Amino acid sequence: MRAHLSVALTAVLATSVLAGCSSTDDGTIKVGAIAGLTGNFITAEVVKTAQQVFDDANANGGVNGKKIEYVIKDDAGNPQRTAQVARELDSAGVVAMAGSASFTDCDVNDAYYRQTKIHSIMAVGASPKCFQSPNIAPVNVGPFTLMTAVLLFASKDLGAKSVCNFTVVLPGSEDAIKSALGDWERISDQKLVVNDMTVQQSGDLTPYLLKAKQAGCDAILFNPAEQLVVPWLQAAKTQGMTDVDFLLLAPAYTDSVAKAVGGLGLKIHAGSEFEPFTVESPANADWRSTVAKAKQPATAFSQGGYLAATFLVAVLRSIKGEVTRDSVNAALRDMAPITNPMLGTPFAFGPADKHAPNQASKMVRLENSRWVSVGDGFITIPGS
């Protein structure tokens, strides 16, 4: 009987430890991340930059004398693997996630994170789910808020009167896109002259541009990344659309796009996720130092990894007592907003049922095949 009681007590104790998810048994605080280290879309610079932030924190005393152990899992862009590695991180006893950069994580794991009470400060959120979960708060502005900000730049800063939108709608994103466009119409008191959400990911783009010319568009938003943006702008050049402002989102804000289309003689603008990564500014100084130490490229992705890890370190250090999943969740819920010069709005997690704390973007434009910052300030969504 005593033996059975001992076994039962051991089981209860083990269960209680798992419930709190302390990762201090070996003297470390475990933090998890999911990224694409292999596969078609590599996001290694995100987690390697975050790792450097944690290494620097450990070199400066860690958190309450304990080291942060960063547990990175590769999902290779495979949804089944994405689900599997989330369960591995849960079993490993991570107290939170920070710096994840998987494009299937939010859609696949949102329900699991809610079930297991894992909270994630995400480096790169792209799916609507990333901005609609009580357990996920991306540090980046994301494609939907960015659409609103870029359109506000067109109507307010460029003075555009005939604004048009041509959008590739990925599965599950239609409602989020419509909401973003509706926010701009409400704030600007303007209507889109053309709102074409039928753009395909392959084929001739010229008919869309002819539609824009016929409608007299003076500013055109186009949401895809490089593989469509370059032929889009090349076709616009062929159509002689040099008097139109072309508006792009963050996936098109790359050095390779600048080189490919910088000589076309078009007016090309793009929205950034954070302080523009191509700019040498005081706001970017610590991030640049961090990516240099990590030997990683200076990209918007690595900015996201830097910020996510930086914010989690601040939250962990605010905890009085043992750092467990429960205490981290409470600290995230109750945290005071954190300002950072790389962001136009403060970061906070809080108790809301969804999170999109980054509500601002800085614009860049192409000059001589280089991206340069437009103005000094962020375009902030009113009411954020």
# chains A, B, ... in the order shown; residues from 1 in each chain; ligands from 1
$ select_by_dssp --residues "region 91-338 of chain A" --states "helix (DSSP H, G or I)" --output "number ranges by chain"
A: 91-92, 105-116, 128-131, 142-157, 174-188, 206-215, 226-238, 250-252, 255-261, 282-294, 300-317, 325-334
$ select_by_dssp --residues "region 123-242 of chain A" --states "strand (DSSP E or B)" --output "PyMOL selection string"
chain A and resi 136-138+163-166+194-196+219-222
$ write_last_selection --atoms "C-alpha atoms" --output "compact mmCIF listing (two decimals), in the first residue's frame"
# COMPACT_ATOMS: atom_id res chain seq x y z
CA ILE A 136 0.50 34.79 -30.43
CA ALA A 137 1.79 38.35 -30.74
CA PRO A 138 3.99 39.06 -33.78
CA VAL A 163 -6.01 54.86 -55.61
CA CYS A 164 -6.23 51.32 -56.96
CA ASN A 165 -5.53 47.89 -55.53
CA PHE A 166 -4.45 44.70 -57.30
CA VAL A 194 -10.25 49.75 -58.69
CA ASN A 195 -10.17 46.90 -56.19
CA ASP A 196 -9.13 43.78 -58.09
CA ALA A 219 -1.36 55.15 -57.17
CA ILE A 220 -1.47 51.35 -57.35
CA LEU A 221 -1.02 48.91 -54.48
CA PHE A 222 0.35 45.48 -55.46
$ residues_around --residues "region 254-270 of chain A" --least-positions-apart "4" --cutoff "10 Å" --atoms "only C-alpha atoms" --output "ChimeraX atom specification"
/A:146,150,153-154,219-223,225-227,229-234,236-238,240-250,277-278,299-300,361-374
$ write_last_selection --atoms "C-alpha atoms" --output "PDB file, in the first residue's frame"
ATOM      1  CA  LEU A 146       0.790  47.249 -43.743  1.00  0.00           C
ATOM      2  CA  VAL A 150       0.816  52.038 -47.363  1.00  0.00           C
ATOM      3  CA  PHE A 153       0.868  57.050 -47.335  1.00  0.00           C
ATOM      4  CA  ALA A 154      -0.572  57.269 -50.861  1.00  0.00           C
ATOM      5  CA  ALA A 219      -1.358  55.155 -57.166  1.00  0.00           C
ATOM      6  CA  ILE A 220      -1.466  51.351 -57.349  1.00  0.00           C
ATOM      7  CA  LEU A 221      -1.018  48.913 -54.475  1.00  0.00           C
ATOM      8  CA  PHE A 222       0.346  45.482 -55.456  1.00  0.00           C
ATOM      9  CA  ASN A 223       0.794  42.981 -52.640  1.00  0.00           C
ATOM     10  CA  ALA A 225       6.631  39.387 -53.364  1.00  0.00           C
ATOM     11  CA  GLU A 226       9.590  39.557 -55.738  1.00  0.00           C
ATOM     12  CA  GLN A 227       8.632  36.805 -58.182  1.00  0.00           C
ATOM     13  CA  VAL A 229       6.644  42.318 -58.441  1.00  0.00           C
ATOM     14  CA  VAL A 230       9.530  42.379 -60.923  1.00  0.00           C
ATOM     15  CA  PRO A 231       7.461  41.329 -63.990  1.00  0.00           C
ATOM     16  CA  TRP A 232       4.646  43.621 -62.797  1.00  0.00           C
ATOM     17  CA  LEU A 233       6.908  46.651 -62.808  1.00  0.00           C
ATOM     18  CA  GLN A 234       8.622  45.642 -66.043  1.00  0.00           C
ATOM     19  CA  ALA A 236       4.287  48.829 -66.228  1.00  0.00           C
ATOM     20  CA  LYS A 237       7.404  50.291 -67.826  1.00  0.00           C
ATOM     21  CA  THR A 238       6.358  48.807 -71.169  1.00  0.00           C
ATOM     22  CA  GLY A 240       4.691  53.854 -70.105  1.00  0.00           C
ATOM     23  CA  MET A 241       3.240  54.251 -66.603  1.00  0.00           C
ATOM     24  CA  THR A 242       5.992  56.563 -65.359  1.00  0.00           C
ATOM     25  CA  ASP A 243       3.539  59.015 -63.787  1.00  0.00           C
ATOM     26  CA  VAL A 244       1.968  56.423 -61.454  1.00  0.00           C
ATOM     27  CA  ASP A 245       3.080  55.743 -57.875  1.00  0.00           C
ATOM     28  CA  PHE A 246       3.575  52.000 -57.416  1.00  0.00           C
ATOM     29  CA  LEU A 247       3.052  50.832 -53.839  1.00  0.00           C
ATOM     30  CA  LEU A 248       4.562  47.560 -52.605  1.00  0.00           C
ATOM     31  CA  LEU A 249       4.543  45.634 -49.337  1.00  0.00           C
ATOM     32  CA  ALA A 250       7.472  44.454 -47.223  1.00  0.00           C
ATOM     33  CA  PHE A 277      16.651  47.613 -42.578  1.00  0.00           C
ATOM     34  CA  THR A 278      18.639  49.295 -45.362  1.00  0.00           C
ATOM     35  CA  THR A 299      17.319  41.814 -43.144  1.00  0.00           C
ATOM     36  CA  ALA A 300      13.807  42.540 -41.932  1.00  0.00           C
ATOM     37  CA  SER A 361       5.359  51.444 -40.919  1.00  0.00           C
ATOM     38  CA  LYS A 362       8.066  53.580 -42.445  1.00  0.00           C
ATOM     39  CA  MET A 363       8.091  53.962 -46.203  1.00  0.00           C
ATOM     40  CA  VAL A 364      11.052  53.564 -48.528  1.00  0.00           C
ATOM     41  CA  ARG A 365      11.381  54.493 -52.187  1.00  0.00           C
ATOM     42  CA  LEU A 366      13.725  53.472 -54.967  1.00  0.00           C
ATOM     43  CA  GLU A 367      16.419  55.951 -55.953  1.00  0.00           C
ATOM     44  CA  ASN A 368      19.270  54.933 -58.252  1.00  0.00           C
ATOM     45  CA  SER A 369      18.565  51.238 -57.622  1.00  0.00           C
ATOM     46  CA  ARG A 370      18.738  51.735 -53.842  1.00  0.00           C
ATOM     47  CA  TRP A 371      16.020  51.887 -51.220  1.00  0.00           C
ATOM     48  CA  VAL A 372      16.013  55.152 -49.278  1.00  0.00           C
ATOM     49  CA  SER A 373      13.817  56.169 -46.367  1.00  0.00           C
ATOM     50  CA  VAL A 374      10.893  58.514 -47.007  1.00  0.00           C
TER      51      VAL A 374
END
$ closest_atom_pairs --of "region 277-305 of chain A" --to "region 336-342 of chain A" --cutoff "12 Å" --atoms "only C-alpha atoms" --output "JSON lines"
{"residue": "A:Phe277", "atom": "CA", "partner": "A:Met342", "partner_atom": "CA", "distance": 9.4}
{"residue": "A:Val279", "atom": "CA", "partner": "A:Met342", "partner_atom": "CA", "distance": 11.1}
{"residue": "A:Glu280", "atom": "CA", "partner": "A:Met342", "partner_atom": "CA", "distance": 11.8}
{"residue": "A:Ser281", "atom": "CA", "partner": "A:Met342", "partner_atom": "CA", "distance": 9.6}
{"residue": "A:Pro282", "atom": "CA", "partner": "A:Pro341", "partner_atom": "CA", "distance": 8.3}
{"residue": "A:Ala283", "atom": "CA", "partner": "A:Pro341", "partner_atom": "CA", "distance": 5.0}
{"residue": "A:Asn284", "atom": "CA", "partner": "A:Met342", "partner_atom": "CA", "distance": 6.5}
{"residue": "A:Ala285", "atom": "CA", "partner": "A:Met342", "partner_atom": "CA", "distance": 9.7}
{"residue": "A:Asp286", "atom": "CA", "partner": "A:Met342", "partner_atom": "CA", "distance": 10.0}
{"residue": "A:Trp287", "atom": "CA", "partner": "A:Met342", "partner_atom": "CA", "distance": 9.1}
{"residue": "A:Arg288", "atom": "CA", "partner": "A:Met342", "partner_atom": "CA", "distance": 11.5}
{"residue": "A:Ala300", "atom": "CA", "partner": "A:Met342", "partner_atom": "CA", "distance": 10.8}
{"residue": "A:Gln303", "atom": "CA", "partner": "A:Met342", "partner_atom": "CA", "distance": 8.6}
{"residue": "A:Gly304", "atom": "CA", "partner": "A:Met342", "partner_atom": "CA", "distance": 10.0}
$ residues_around --residues "Asn64 (chain A)" --least-positions-apart "6" --cutoff "9 Å" --atoms "only C-alpha atoms" --output "ChimeraX atom specification"
/A:316-317,319-323
$ closest_residue --among "A:Ser302, A:Asp55, A:Val31, A:Gly93" --to "Thr43 (chain A)" --atoms "only C-alpha atoms"
A:Ser302
$ closest_residue --among "A:Gly344, A:Pro207, A:Pro357, A:Pro79" --to "Gln132 (chain A)" --atoms "only C-alpha atoms"
A:Pro357
